[in-house]
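Asks: File name input-v1.txt; file contents compact mmCIF, C-alpha atoms (C1' of nucleotides); full text below.
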```
# COMPACT_ATOMS: atom_id res chain seq x y z
CA MET A 1 113.79 267.20 90.99
CA LYS A 2 115.16 263.92 89.81
CA LEU A 3 117.10 261.40 91.78
CA SER A 4 120.28 260.74 89.81
CA VAL A 5 120.90 257.39 88.20
CA LYS A 6 124.18 257.28 90.07
CA VAL A 7 122.43 257.00 93.43
CA ASP A 8 120.15 254.33 92.06
CA TYR A 9 123.14 252.32 90.84
CA ALA A 10 124.95 252.79 94.15
CA CYS A 11 122.00 251.52 96.17
CA ARG A 12 121.61 248.45 93.98
CA VAL A 13 125.29 247.57 94.03
CA LEU A 14 125.51 248.05 97.78
CA ALA A 15 122.49 245.83 98.24
CA GLN A 16 124.29 243.24 96.18
CA LEU A 17 127.41 243.57 98.34
CA ALA A 18 125.28 243.18 101.45
CA ARG A 19 124.19 239.75 100.24
CA THR A 20 127.75 238.45 100.34
CA HIS A 21 128.86 240.34 103.42
CA ASP A 22 129.23 237.29 105.63
CA GLY A 23 131.84 235.09 104.03
CA ASP A 24 135.22 236.49 103.16
CA GLY A 25 134.79 236.44 99.39
CA LEU A 26 135.28 239.75 97.60
CA ALA A 27 133.00 240.72 94.74
CA HIS A 28 134.39 241.72 91.36
CA ILE A 29 133.22 244.63 89.28
CA GLU A 30 132.15 242.43 86.39
CA GLU A 31 130.04 240.32 88.72
CA LEU A 32 128.30 243.33 90.26
CA ALA A 33 127.76 244.95 86.90
CA ARG A 34 126.10 241.86 85.54
CA ALA A 35 123.94 241.19 88.60
CA GLU A 36 122.54 244.72 88.79
CA ASP A 37 122.68 245.66 85.10
CA VAL A 38 125.03 248.63 85.50
CA PRO A 39 127.62 249.72 82.89
CA ALA A 40 130.87 248.26 84.23
CA ASN A 41 132.99 251.22 83.20
CA TYR A 42 130.71 253.60 85.04
CA LEU A 43 130.55 251.37 88.08
CA VAL A 44 134.29 251.83 88.52
CA GLN A 45 133.76 255.50 89.28
CA ILE A 46 130.87 254.87 91.63
CA LEU A 47 132.76 252.25 93.62
CA GLY A 48 135.68 254.65 93.86
CA GLU A 49 133.49 257.31 95.44
CA LEU A 50 131.93 254.80 97.81
CA ARG A 51 135.42 253.75 98.87
CA ASN A 52 136.54 257.34 99.42
CA GLY A 53 133.36 257.86 101.42
CA GLY A 54 134.28 254.96 103.68
CA LEU A 55 131.29 252.76 102.88
CA ILE A 56 133.24 249.95 101.20
CA THR A 57 136.78 248.60 101.16
CA SER A 58 138.74 247.27 98.22
CA ARG A 59 141.78 245.15 97.47
CA ARG A 60 143.90 245.26 94.36
CA GLY A 61 145.70 242.55 92.53
CA LYS A 62 144.74 239.00 91.83
CA GLN A 63 141.89 237.92 94.12
CA GLY A 64 141.10 241.60 94.60
CA GLY A 65 137.58 242.95 94.84
CA TYR A 66 135.12 244.94 96.93
CA ALA A 67 133.34 244.41 100.24
CA LEU A 68 131.23 246.42 102.67
CA ALA A 69 133.23 248.32 105.28
CA ARG A 70 130.52 247.97 107.95
CA PRO A 71 127.65 245.58 108.65
CA PRO A 72 124.64 246.17 106.35
CA GLU A 73 122.33 247.23 109.19
CA SER A 74 124.62 250.17 109.99
CA ILE A 75 124.61 251.70 106.50
CA THR A 76 121.60 253.92 105.85
CA LEU A 77 120.18 255.38 102.66
CA LEU A 78 121.18 258.80 103.94
CA ASP A 79 124.81 257.69 104.14
CA ILE A 80 124.72 256.59 100.52
CA VAL A 81 123.11 259.77 99.23
CA ARG A 82 125.48 261.94 101.25
CA VAL A 83 128.51 260.20 99.76
CA ILE A 84 127.27 260.28 96.18
CA GLU A 85 125.29 263.51 95.90
CA GLY A 86 126.27 265.53 98.93
CA GLU A 87 123.60 267.24 101.04
CA LEU A 88 119.99 266.22 100.43
CA LEU A 89 117.74 269.02 99.09
CA GLU A 90 120.62 271.48 99.13
CA LEU A 91 119.61 275.01 98.19
CA ASN A 92 122.28 277.00 96.43
CA ALA A 93 120.69 280.40 96.00
CA SER A 94 121.46 283.07 98.55
CA PRO A 95 118.37 283.87 100.62
CA GLY A 96 117.83 287.31 99.12
CA GLY A 97 114.68 289.35 98.75
CA GLN A 98 111.93 289.84 101.29
CA SER A 99 110.88 286.21 101.52
CA GLY A 100 114.26 284.59 101.02
CA LYS A 101 114.92 283.77 104.64
CA ARG A 102 111.47 282.40 105.34
CA VAL A 103 111.52 280.16 102.27
CA HIS A 104 114.91 278.76 103.18
CA GLN A 105 113.75 278.01 106.70
CA VAL A 106 110.75 276.09 105.40
CA TRP A 107 112.89 274.02 103.07
CA ARG A 108 115.29 273.24 105.90
CA GLU A 109 112.39 271.86 107.92
CA ILE A 110 111.32 269.68 105.00
CA ARG A 111 114.89 268.48 104.56
CA ALA A 112 115.05 267.48 108.22
CA ALA A 113 111.97 265.31 107.80
CA LEU A 114 113.38 263.79 104.64
CA GLU A 115 116.68 262.95 106.30
CA ALA A 116 114.94 261.31 109.23
CA LYS A 117 112.99 259.13 106.82
CA ALA A 118 116.10 258.22 104.80
CA ARG A 119 117.96 257.31 107.97
CA GLY A 120 115.27 254.73 108.70
CA TYR A 121 116.19 252.54 105.75
CA THR A 122 119.31 250.42 106.07
CA LEU A 123 121.03 248.11 103.62
CA ASP A 124 119.69 244.94 105.17
CA LYS A 125 116.19 246.13 104.28
CA LEU A 126 117.30 246.41 100.65
CA MET A 127 118.87 242.98 100.42
CA PRO A 128 117.17 240.59 98.03
CA ARG A 129 116.42 237.26 99.68
CA GLN A 130 119.17 234.71 99.22
CA ALA A 131 116.74 232.15 97.85
CA GLU A 132 114.65 234.29 95.57
CA GLY A 133 115.75 237.11 93.33
CA MET A 134 116.37 234.74 90.45
CA TYR A 135 112.83 233.61 89.78
CA TYR A 136 111.94 236.64 87.69
CA ILE A 137 113.80 239.20 85.67
CA MET B 1 120.70 266.57 95.08
CA LYS B 2 120.15 270.28 94.86
CA LEU B 3 116.90 272.16 94.94
CA SER B 4 116.94 274.31 91.81
CA VAL B 5 117.14 278.06 92.04
CA LYS B 6 114.04 278.19 89.90
CA VAL B 7 111.89 276.66 92.64
CA ASP B 8 113.39 279.01 95.18
CA TYR B 9 112.55 282.00 93.00
CA ALA B 10 109.04 280.69 92.35
CA CYS B 11 108.30 280.28 96.06
CA ARG B 12 109.54 283.76 96.84
CA VAL B 13 107.59 285.43 94.06
CA LEU B 14 104.42 283.55 94.92
CA ALA B 15 104.81 284.59 98.53
CA GLN B 16 105.06 288.13 97.30
CA LEU B 17 101.92 287.72 95.20
CA ALA B 18 100.12 286.31 98.21
CA ARG B 19 100.71 289.56 100.05
CA THR B 20 98.69 291.51 97.51
CA HIS B 21 96.06 288.87 96.88
CA ASP B 22 93.22 290.76 98.49
CA GLY B 23 92.78 293.96 96.53
CA ASP B 24 92.39 293.88 92.79
CA GLY B 25 95.79 295.33 91.91
CA LEU B 26 97.97 293.27 89.60
CA ALA B 27 101.70 293.03 90.23
CA HIS B 28 104.22 293.79 87.50
CA ILE B 29 107.32 291.80 86.73
CA GLU B 30 109.66 294.69 87.57
CA GLU B 31 108.01 295.09 90.96
CA LEU B 32 108.30 291.42 91.85
CA ALA B 33 111.87 291.22 90.58
CA ARG B 34 112.93 294.12 92.76
CA ALA B 35 111.11 292.93 95.89
CA GLU B 36 112.53 289.40 95.80
CA ASP B 37 115.87 290.08 94.12
CA VAL B 38 115.27 287.87 91.10
CA PRO B 39 116.65 288.59 87.60
CA ALA B 40 113.68 290.13 85.80
CA ASN B 41 114.48 288.46 82.50
CA TYR B 42 114.50 285.08 84.14
CA LEU B 43 111.37 285.75 86.15
CA VAL B 44 109.52 286.08 82.86
CA GLN B 45 110.02 282.42 82.17
CA ILE B 46 109.07 281.31 85.67
CA LEU B 47 105.83 283.28 85.68
CA GLY B 48 104.98 281.77 82.33
CA GLU B 49 105.30 278.26 83.70
CA LEU B 50 103.30 279.14 86.78
CA ARG B 51 100.54 280.46 84.54
CA ASN B 52 100.53 277.35 82.35
CA GLY B 53 100.40 275.32 85.57
CA GLY B 54 97.29 277.20 86.65
CA LEU B 55 98.71 278.73 89.81
CA ILE B 56 98.51 282.35 88.66
CA THR B 57 96.57 284.40 86.12
CA SER B 58 97.86 287.21 83.94
CA ARG B 59 96.63 290.13 81.86
CA ARG B 60 98.48 291.71 78.99
CA GLY B 61 98.73 295.29 77.86
CA LYS B 62 98.66 298.47 79.84
CA GLN B 63 97.59 297.80 83.43
CA GLY B 64 98.43 294.18 82.86
CA GLY B 65 100.18 292.05 85.45
CA TYR B 66 100.00 288.90 87.55
CA ALA B 67 97.82 287.65 90.39
CA LEU B 68 97.24 284.39 92.25
CA ALA B 69 94.61 282.16 90.68
CA ARG B 70 93.48 280.74 94.05
CA PRO B 71 93.55 281.86 97.69
CA PRO B 72 97.03 281.55 99.26
CA GLU B 73 95.94 278.92 101.77
CA SER B 74 94.98 276.55 98.95
CA ILE B 75 98.37 276.61 97.20
CA THR B 76 100.87 274.17 98.70
CA LEU B 77 104.61 273.83 98.27
CA LEU B 78 103.97 270.53 96.51
CA ASP B 79 101.87 272.33 93.89
CA ILE B 80 104.70 274.73 93.20
CA VAL B 81 107.36 272.04 92.91
CA ARG B 82 105.14 269.91 90.69
CA VAL B 83 104.57 272.78 88.28
CA ILE B 84 108.22 273.85 88.13
CA GLU B 85 110.19 270.63 88.46
CA GLY B 86 107.70 267.87 87.84
CA GLU B 87 107.55 264.88 90.15
CA LEU B 88 109.44 265.13 93.44
CA LEU B 89 112.34 262.66 93.79
CA GLU B 90 111.64 261.23 90.36
CA LEU B 91 113.81 258.27 89.44
CA ASN B 92 114.55 257.94 85.75
CA ALA B 93 116.50 254.70 85.57
CA SER B 94 114.60 251.58 84.69
CA PRO B 95 114.42 249.24 87.68
CA GLY B 96 116.78 246.65 86.23
CA GLY B 97 119.03 244.16 87.97
CA GLN B 98 118.20 241.99 90.94
CA SER B 99 117.60 244.83 93.42
CA GLY B 100 116.10 247.36 91.04
CA LYS B 101 112.50 246.82 92.03
CA ARG B 102 113.14 246.82 95.76
CA VAL B 103 115.20 250.03 95.58
CA HIS B 104 112.52 251.78 93.57
CA GLN B 105 109.87 250.74 96.04
CA VAL B 106 111.86 252.15 98.95
CA TRP B 107 112.35 255.47 97.18
CA ARG B 108 108.64 255.62 96.42
CA GLU B 109 107.91 255.27 100.11
CA ILE B 110 110.32 258.07 100.93
CA ARG B 111 108.76 260.23 98.24
CA ALA B 112 105.32 259.66 99.72
CA ALA B 113 106.51 260.95 103.08
CA LEU B 114 108.18 263.92 101.45
CA GLU B 115 105.05 264.84 99.51
CA ALA B 116 102.93 264.67 102.64
CA LYS B 117 105.31 267.05 104.34
CA ALA B 118 105.38 269.46 101.38
CA ARG B 119 101.59 269.44 101.22
CA GLY B 120 101.55 270.77 104.76
CA TYR B 121 103.06 274.12 103.83
CA THR B 122 100.80 276.61 102.09
CA LEU B 123 101.52 280.05 100.70
CA ASP B 124 99.96 281.91 103.60
CA LYS B 125 102.61 280.38 105.84
CA LEU B 126 105.28 281.85 103.56
CA MET B 127 103.86 285.35 103.45
CA PRO B 128 106.03 288.02 105.01
CA ARG B 129 104.12 290.10 107.52
CA GLN B 130 102.56 293.21 106.02
CA ALA B 131 104.22 295.46 108.58
CA GLU B 132 107.70 294.03 108.67
CA GLY B 133 109.78 292.79 105.79
CA MET B 134 111.22 296.23 105.14
CA TYR B 135 113.26 296.67 108.27
CA TYR B 136 116.26 294.77 106.96
CA ILE B 137 117.78 293.92 103.64
C1' DC C 1 161.57 237.68 89.34
C1' DG C 2 158.13 238.48 85.84
C1' DC C 3 153.59 237.87 84.35
C1' DG C 4 148.68 238.22 84.38
C1' DG C 5 144.47 239.68 86.25
C1' DG C 6 142.24 242.71 88.82
C1' DC C 7 141.76 247.76 90.71
C1' DG C 8 142.77 253.13 90.22
C1' DT C 9 142.82 257.42 87.75
C1' DG C 10 142.10 260.61 84.44
C1' DA C 11 140.08 262.51 80.50
C1' DA C 12 137.20 262.79 76.13
C1' DA C 13 132.51 262.68 73.93
C1' DC C 14 127.80 263.10 74.30
C1' DT C 15 123.35 264.47 76.08
C1' DC C 16 120.32 267.26 78.60
C1' DT C 17 118.80 270.64 81.82
C1' DC C 18 119.47 275.18 84.06
C1' DG C 19 119.98 279.84 84.01
C1' DG C 20 119.57 283.79 81.24
C1' DT C 21 118.36 286.88 77.02
C1' DC C 22 115.87 288.86 73.05
C1' DA C 23 112.52 290.12 69.64
C1' DA C 24 107.47 289.69 68.62
C1' DA C 25 102.57 289.85 69.75
C1' DG C 26 98.73 291.52 72.43
C1' DT C 27 96.06 295.27 75.08
C1' DC C 28 94.48 299.45 76.89
C1' DG C 29 94.44 304.61 77.06
C1' DA C 30 94.40 308.87 74.50
C1' DT D 1 93.92 304.64 65.04
C1' DC D 2 98.43 305.30 67.28
C1' DG D 3 101.61 304.38 70.68
C1' DA D 4 103.30 302.98 75.08
C1' DC D 5 103.41 299.24 78.14
C1' DT D 6 103.16 294.42 79.29
C1' DT D 7 103.10 289.61 78.55
C1' DT D 8 104.48 285.72 75.55
C1' DG D 9 107.19 282.49 73.02
C1' DA D 10 111.43 281.22 70.81
C1' DC D 11 116.42 281.11 71.26
C1' DC D 12 121.46 280.28 73.40
C1' DG D 13 125.60 279.40 76.10
C1' DA D 14 127.43 277.08 80.19
C1' DG D 15 127.79 273.37 83.08
C1' DA D 16 126.56 268.99 85.16
C1' DG D 17 125.44 264.01 84.56
C1' DT D 18 126.21 259.66 82.01
C1' DT D 19 129.01 256.75 79.42
C1' DT D 20 133.04 255.05 77.33
C1' DC D 21 137.93 254.48 76.79
C1' DA D 22 142.94 254.17 77.69
C1' DC D 23 146.64 253.39 80.49
C1' DG D 24 149.17 252.98 85.08
C1' DC D 25 149.46 250.49 89.50
C1' DC D 26 149.31 246.76 92.70
C1' DC D 27 149.05 242.04 94.22
C1' DG D 28 149.56 236.98 94.19
C1' DC D 29 151.16 233.02 91.76
C1' DG D 30 154.22 230.23 88.91
```
Written as structure tokens, how would this file's structure read?
Replies:
Amino acid sequence: MKLSVKVDYACRVLAQLARTHDGDGLAHIEELARAEDVPANYLVQILGELRNGGLITSRRGKQGGYALARPPESITLLDIVRVIEGELLELNASPGGQSGKRVHQVWREIRAALEAKARGYTLDKLMPRQAEGMYYI
Amino acid sequence: MKLSVKVDYACRVLAQLARTHDGDGLAHIEELARAEDVPANYLVQILGELRNGGLITSRRGKQGGYALARPPESITLLDIVRVIEGELLELNASPGGQSGKRVHQVWREIRAALEAKARGYTLDKLMPRQAEGMYYI
DNA sequence: CGCGGGCGTGAAACTCTCGGTCAAAGTCGA
DNA sequence: TCGACTTTGACCGAGAGTTTCACGCCCGCG
């Protein structure tokens, strides 16, 4: 069960946006792509989904760009995953057979624990320090 | 992030095998497929992987079939997922960019919690009761 | 008003895994 | 030894994820 690259990219870019949250400057795609080593053309799609999910806001035109919609400490990892990948540990098979129901119930319990853990991490815990972050690739 | 149908099938079939663990009878594919409502032709592949992973044993020929390799209480959900899907919450992207390392570290912590939880469920907790299990489709 | 620089949207190409199927090899009973 | 029954391994199409590209839209500035 792999975590998609998309989520990884989203987390990194959001962490980058969290750095510049205070201060009214908007970040450009090219900037973000370079700072977090993400293909710029792919980042366009990701930022679009994050905007539709209500995590970030955007402005078009000259001096356009992206910014967080809420303070970093109110955006959790679970929010990000839900926007990008939908439900965490979603099971798509119908609970058929003799053990189907029991197995589904167990996985739901595990999912609950996972969600609680993911809710504990917020963007401000992902932020690279302002000072460091440059000292090593 | 969906849980694959394969894992769901594997859990159900293993739960079914756990029922008949005491007693030297071996279960046939057709039997298991009917009891847990799994496509028989697909179950072939799953049982093969479970055998290569060391969770079950098999015998060919007439009176062949499948059986658990270890007692049900020593097989955990984590074992099953590891055999079928590999590492849980595996991240495939290289930790590039400024936040790459930090994001990976956070996901590793979440994975650790998830694995601990999955290790807590063993096959004997998935077994349908011997008496019931037939009263409803 | 128009022009340029950014976002917004959609689709095409490619890769890879998932879900499913089929013929071949092995094994035991008669 | 023959044959029926079962596992075993190789094979395939469909669909999702990743990446790239092209073009339209919107905003601020000259």
Asks: Tell me as a ChimeraX atom specification which residues belonging to chain A come within 6 Å of chain B, counting all atoms listed in the file.
Replies: /A:1-3,5,12,35-37,85,88-91,93,97-99,133
Asks: Can you write out the residues you just picked, keeping C-alpha atoms, as a JSON list (two decimals), in the frame of the given file?
Replies:
```
[["chain", "number", "residue", "atom", "x", "y", "z"],
["A", 1, "MET", "CA", 113.79, 267.20, 90.99],
["A", 2, "LYS", "CA", 115.16, 263.92, 89.81],
["A", 3, "LEU", "CA", 117.10, 261.40, 91.78],
["A", 5, "VAL", "CA", 120.90, 257.39, 88.20],
["A", 12, "ARG", "CA", 121.61, 248.45, 93.98],
["A", 35, "ALA", "CA", 123.94, 241.19, 88.60],
["A", 36, "GLU", "CA", 122.54, 244.72, 88.79],
["A", 37, "ASP", "CA", 122.68, 245.66, 85.10],
["A", 85, "GLU", "CA", 125.29, 263.51, 95.90],
["A", 88, "LEU", "CA", 119.99, 266.22, 100.43],
["A", 89, "LEU", "CA", 117.74, 269.02, 99.09],
["A", 90, "GLU", "CA", 120.62, 271.48, 99.13],
["A", 91, "LEU", "CA", 119.61, 275.01, 98.19],
["A", 93, "ALA", "CA", 120.69, 280.40, 96.00],
["A", 97, "GLY", "CA", 114.68, 289.35, 98.75],
["A", 98, "GLN", "CA", 111.93, 289.84, 101.29],
["A", 99, "SER", "CA", 110.88, 286.21, 101.52],
["A", 133, "GLY", "CA", 115.75, 237.11, 93.33]]
```
Asks: Give me, please, the distance in Å between CA of Asp79 (chain B) and CA of Gly53 (chain B), quoted to one decimal.
Replies: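 Separation of CA of Asp79 (chain B) and CA of Gly53 (chain B): 9.0 Å.
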Asks: Starting from chain D, keep only residues with some atom at most 8 Å from an atom of chain B, counting all atoms listed in the file, and report them as a list in words.
Replies: DC5, DT6, DT7 and DT8 of chain D
Asks: Just need chain A moved onto chain B: least-squares over all Cα atoms matched in order, then output as a JSON list (two decimals) with C-alpha atoms, in the coordinates of the input.
Replies:
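Result file follows (part-v5.json):
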```json
[["chain", "number", "residue", "atom", "x", "y", "z"],
["A", 1, "MET", "CA", 120.52, 266.50, 95.11],
["A", 2, "LYS", "CA", 120.05, 270.20, 94.83],
["A", 3, "LEU", "CA", 116.84, 272.11, 94.81],
["A", 4, "SER", "CA", 116.90, 274.27, 91.69],
["A", 5, "VAL", "CA", 117.12, 278.03, 91.93],
["A", 6, "LYS", "CA", 114.01, 278.18, 89.79],
["A", 7, "VAL", "CA", 111.87, 276.65, 92.53],
["A", 8, "ASP", "CA", 113.38, 278.99, 95.07],
["A", 9, "TYR", "CA", 112.54, 281.99, 92.88],
["A", 10, "ALA", "CA", 109.02, 280.70, 92.26],
["A", 11, "CYS", "CA", 108.30, 280.29, 95.96],
["A", 12, "ARG", "CA", 109.55, 283.77, 96.76],
["A", 13, "VAL", "CA", 107.61, 285.44, 93.97],
["A", 14, "LEU", "CA", 104.44, 283.57, 94.86],
["A", 15, "ALA", "CA", 104.83, 284.60, 98.47],
["A", 16, "GLN", "CA", 105.10, 288.15, 97.25],
["A", 17, "LEU", "CA", 101.93, 287.77, 95.17],
["A", 18, "ALA", "CA", 100.14, 286.34, 98.19],
["A", 19, "ARG", "CA", 100.78, 289.58, 100.06],
["A", 20, "THR", "CA", 98.74, 291.57, 97.56],
["A", 21, "HIS", "CA", 96.10, 288.94, 96.90],
["A", 22, "ASP", "CA", 93.26, 290.84, 98.52],
["A", 23, "GLY", "CA", 92.87, 294.07, 96.61],
["A", 24, "ASP", "CA", 92.44, 294.01, 92.87],
["A", 25, "GLY", "CA", 95.84, 295.46, 92.00],
["A", 26, "LEU", "CA", 98.00, 293.38, 89.68],
["A", 27, "ALA", "CA", 101.73, 293.10, 90.29],
["A", 28, "HIS", "CA", 104.24, 293.92, 87.58],
["A", 29, "ILE", "CA", 107.30, 291.89, 86.74],
["A", 30, "GLU", "CA", 109.68, 294.73, 87.55],
["A", 31, "GLU", "CA", 108.10, 295.14, 90.96],
["A", 32, "LEU", "CA", 108.36, 291.43, 91.79],
["A", 33, "ALA", "CA", 111.89, 291.22, 90.49],
["A", 34, "ARG", "CA", 112.99, 294.08, 92.67],
["A", 35, "ALA", "CA", 111.19, 292.91, 95.81],
["A", 36, "GLU", "CA", 112.58, 289.37, 95.69],
["A", 37, "ASP", "CA", 115.91, 290.06, 93.96],
["A", 38, "VAL", "CA", 115.28, 287.86, 90.92],
["A", 39, "PRO", "CA", 116.61, 288.58, 87.40],
["A", 40, "ALA", "CA", 113.62, 290.13, 85.63],
["A", 41, "ASN", "CA", 114.30, 288.46, 82.31],
["A", 42, "TYR", "CA", 114.39, 285.06, 83.95],
["A", 43, "LEU", "CA", 111.29, 285.77, 85.98],
["A", 44, "VAL", "CA", 109.34, 286.11, 82.75],
["A", 45, "GLN", "CA", 109.88, 282.44, 82.02],
["A", 46, "ILE", "CA", 109.03, 281.34, 85.53],
["A", 47, "LEU", "CA", 105.79, 283.32, 85.60],
["A", 48, "GLY", "CA", 104.89, 281.83, 82.24],
["A", 49, "GLU", "CA", 105.22, 278.30, 83.61],
["A", 50, "LEU", "CA", 103.26, 279.19, 86.72],
["A", 51, "ARG", "CA", 100.50, 280.55, 84.50],
["A", 52, "ASN", "CA", 100.46, 277.44, 82.32],
["A", 53, "GLY", "CA", 100.33, 275.39, 85.51],
["A", 54, "GLY", "CA", 97.23, 277.27, 86.61],
["A", 55, "LEU", "CA", 98.69, 278.80, 89.77],
["A", 56, "ILE", "CA", 98.51, 282.43, 88.64],
["A", 57, "THR", "CA", 96.59, 284.51, 86.12],
["A", 58, "SER", "CA", 97.86, 287.35, 83.98],
["A", 59, "ARG", "CA", 96.57, 290.27, 81.95],
["A", 60, "ARG", "CA", 98.29, 291.94, 79.05],
["A", 61, "GLY", "CA", 98.33, 295.51, 77.95],
["A", 62, "LYS", "CA", 98.44, 298.69, 79.93],
["A", 63, "GLN", "CA", 97.50, 298.02, 83.57],
["A", 64, "GLY", "CA", 98.41, 294.38, 82.96],
["A", 65, "GLY", "CA", 100.15, 292.23, 85.53],
["A", 66, "TYR", "CA", 100.00, 289.03, 87.56],
["A", 67, "ALA", "CA", 97.84, 287.73, 90.40],
["A", 68, "LEU", "CA", 97.25, 284.46, 92.24],
["A", 69, "ALA", "CA", 94.61, 282.23, 90.65],
["A", 70, "ARG", "CA", 93.47, 280.80, 94.01],
["A", 71, "PRO", "CA", 93.56, 281.92, 97.64],
["A", 72, "PRO", "CA", 97.03, 281.58, 99.21],
["A", 73, "GLU", "CA", 95.93, 278.94, 101.73],
["A", 74, "SER", "CA", 94.98, 276.59, 98.88],
["A", 75, "ILE", "CA", 98.36, 276.63, 97.12],
["A", 76, "THR", "CA", 100.85, 274.19, 98.61],
["A", 77, "LEU", "CA", 104.60, 273.83, 98.19],
["A", 78, "LEU", "CA", 103.94, 270.55, 96.42],
["A", 79, "ASP", "CA", 101.84, 272.34, 93.81],
["A", 80, "ILE", "CA", 104.68, 274.74, 93.10],
["A", 81, "VAL", "CA", 107.34, 272.05, 92.80],
["A", 82, "ARG", "CA", 105.10, 269.92, 90.60],
["A", 83, "VAL", "CA", 104.55, 272.80, 88.19],
["A", 84, "ILE", "CA", 108.18, 273.85, 88.02],
["A", 85, "GLU", "CA", 110.16, 270.63, 88.35],
["A", 86, "GLY", "CA", 107.66, 267.87, 87.74],
["A", 87, "GLU", "CA", 107.51, 264.86, 90.06],
["A", 88, "LEU", "CA", 109.40, 265.11, 93.35],
["A", 89, "LEU", "CA", 112.30, 262.62, 93.73],
["A", 90, "GLU", "CA", 111.60, 261.15, 90.31],
["A", 91, "LEU", "CA", 113.77, 258.16, 89.48],
["A", 92, "ASN", "CA", 114.58, 257.77, 85.82],
["A", 93, "ALA", "CA", 116.55, 254.55, 85.71],
["A", 94, "SER", "CA", 114.73, 251.36, 84.86],
["A", 95, "PRO", "CA", 114.57, 249.06, 87.89],
["A", 96, "GLY", "CA", 116.99, 246.49, 86.50],
["A", 97, "GLY", "CA", 119.26, 244.06, 88.27],
["A", 98, "GLN", "CA", 118.47, 241.93, 91.29],
["A", 99, "SER", "CA", 117.80, 244.79, 93.69],
["A", 100, "GLY", "CA", 116.28, 247.25, 91.26],
["A", 101, "LYS", "CA", 112.68, 246.69, 92.23],
["A", 102, "ARG", "CA", 113.29, 246.76, 95.96],
["A", 103, "VAL", "CA", 115.30, 249.98, 95.76],
["A", 104, "HIS", "CA", 112.62, 251.69, 93.71],
["A", 105, "GLN", "CA", 109.95, 250.66, 96.18],
["A", 106, "VAL", "CA", 111.92, 252.13, 99.07],
["A", 107, "TRP", "CA", 112.40, 255.42, 97.26],
["A", 108, "ARG", "CA", 108.70, 255.57, 96.46],
["A", 109, "GLU", "CA", 107.93, 255.26, 100.16],
["A", 110, "ILE", "CA", 110.34, 258.09, 100.96],
["A", 111, "ARG", "CA", 108.78, 260.20, 98.22],
["A", 112, "ALA", "CA", 105.33, 259.66, 99.70],
["A", 113, "ALA", "CA", 106.52, 260.98, 103.05],
["A", 114, "LEU", "CA", 108.18, 263.94, 101.38],
["A", 115, "GLU", "CA", 105.05, 264.83, 99.44],
["A", 116, "ALA", "CA", 102.91, 264.67, 102.55],
["A", 117, "LYS", "CA", 105.28, 267.08, 104.27],
["A", 118, "ALA", "CA", 105.36, 269.46, 101.29],
["A", 119, "ARG", "CA", 101.58, 269.45, 101.11],
["A", 120, "GLY", "CA", 101.50, 270.77, 104.67],
["A", 121, "TYR", "CA", 103.03, 274.11, 103.75],
["A", 122, "THR", "CA", 100.79, 276.63, 102.02],
["A", 123, "LEU", "CA", 101.50, 280.07, 100.63],
["A", 124, "ASP", "CA", 99.96, 281.92, 103.54],
["A", 125, "LYS", "CA", 102.62, 280.36, 105.77],
["A", 126, "LEU", "CA", 105.28, 281.84, 103.49],
["A", 127, "MET", "CA", 103.87, 285.35, 103.42],
["A", 128, "PRO", "CA", 106.06, 287.99, 105.01],
["A", 129, "ARG", "CA", 104.13, 290.09, 107.51],
["A", 130, "GLN", "CA", 102.61, 293.20, 106.00],
["A", 131, "ALA", "CA", 104.21, 295.41, 108.62],
["A", 132, "GLU", "CA", 107.66, 293.92, 108.81],
["A", 133, "GLY", "CA", 109.81, 292.60, 106.01],
["A", 134, "MET", "CA", 111.36, 295.99, 105.44],
["A", 135, "TYR", "CA", 113.25, 296.38, 108.69],
["A", 136, "TYR", "CA", 116.22, 294.33, 107.57],
["A", 137, "ILE", "CA", 117.76, 293.34, 104.29]]
```
Asks: Record the distance separating C1' of DA22 (chain D) and C1' of DC14 (chain C), expressed in Å with one decimal.
Replies: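 Atom-to-atom, C1' of DA22 (chain D) and C1' of DC14 (chain C) are spaced 17.9 Å apart.
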Asks: Distance C1' of DT20 (chain D)-CA of Pro39 (chain A), one decimal place?
Replies: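 Between C1' of DT20 (chain D) and CA of Pro39 (chain A) the gap works out to 9.4 Å.
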Asks: Counting all atoms listed in the file, which residues of chain C come no farther than 12 Å from chain B, as a PDB file with C-alpha atoms (C1' of nucleotides), in the coordinates of the input?
Replies:
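So selection_7.pdb came out as:
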```pdb
ATOM      1  C1'  DT C  17     118.800 270.640  81.820  1.00  0.00           C
ATOM      2  C1'  DC C  18     119.470 275.180  84.060  1.00  0.00           C
ATOM      3  C1'  DG C  19     119.980 279.840  84.010  1.00  0.00           C
ATOM      4  C1'  DG C  20     119.570 283.790  81.240  1.00  0.00           C
ATOM      5  C1'  DT C  21     118.360 286.880  77.020  1.00  0.00           C
ATOM      6  C1'  DC C  22     115.870 288.860  73.050  1.00  0.00           C
ATOM      7  C1'  DA C  25     102.570 289.850  69.750  1.00  0.00           C
ATOM      8  C1'  DG C  26      98.730 291.520  72.430  1.00  0.00           C
ATOM      9  C1'  DT C  27      96.060 295.270  75.080  1.00  0.00           C
ATOM     10  C1'  DC C  28      94.480 299.450  76.890  1.00  0.00           C
ATOM     11  C1'  DG C  29      94.440 304.610  77.060  1.00  0.00           C
TER      12       DG C  29
END
```
Asks: Using all atoms listed in the file, give me every residue within 12 Å of (128.0, 269.5, 78.1) in file coordinates, as a short mmCIF file (atom, residue, chain, number, x, y, z; two decimals) with C-alpha atoms (C1' of nucleotides), keeping the file's coordinate frame.
Replies:
```cif
data_model
loop_
_atom_site.label_atom_id
_atom_site.label_comp_id
_atom_site.auth_asym_id
_atom_site.auth_seq_id
_atom_site.Cartn_x
_atom_site.Cartn_y
_atom_site.Cartn_z
"C1'" DA C 12 137.20 262.79 76.13
"C1'" DA C 13 132.51 262.68 73.93
"C1'" DC C 14 127.80 263.10 74.30
"C1'" DT C 15 123.35 264.47 76.08
"C1'" DC C 16 120.32 267.26 78.60
"C1'" DT C 17 118.80 270.64 81.82
"C1'" DC C 18 119.47 275.18 84.06
"C1'" DG D 13 125.60 279.40 76.10
"C1'" DA D 14 127.43 277.08 80.19
"C1'" DG D 15 127.79 273.37 83.08
"C1'" DA D 16 126.56 268.99 85.16
"C1'" DG D 17 125.44 264.01 84.56
"C1'" DT D 18 126.21 259.66 82.01
#
```
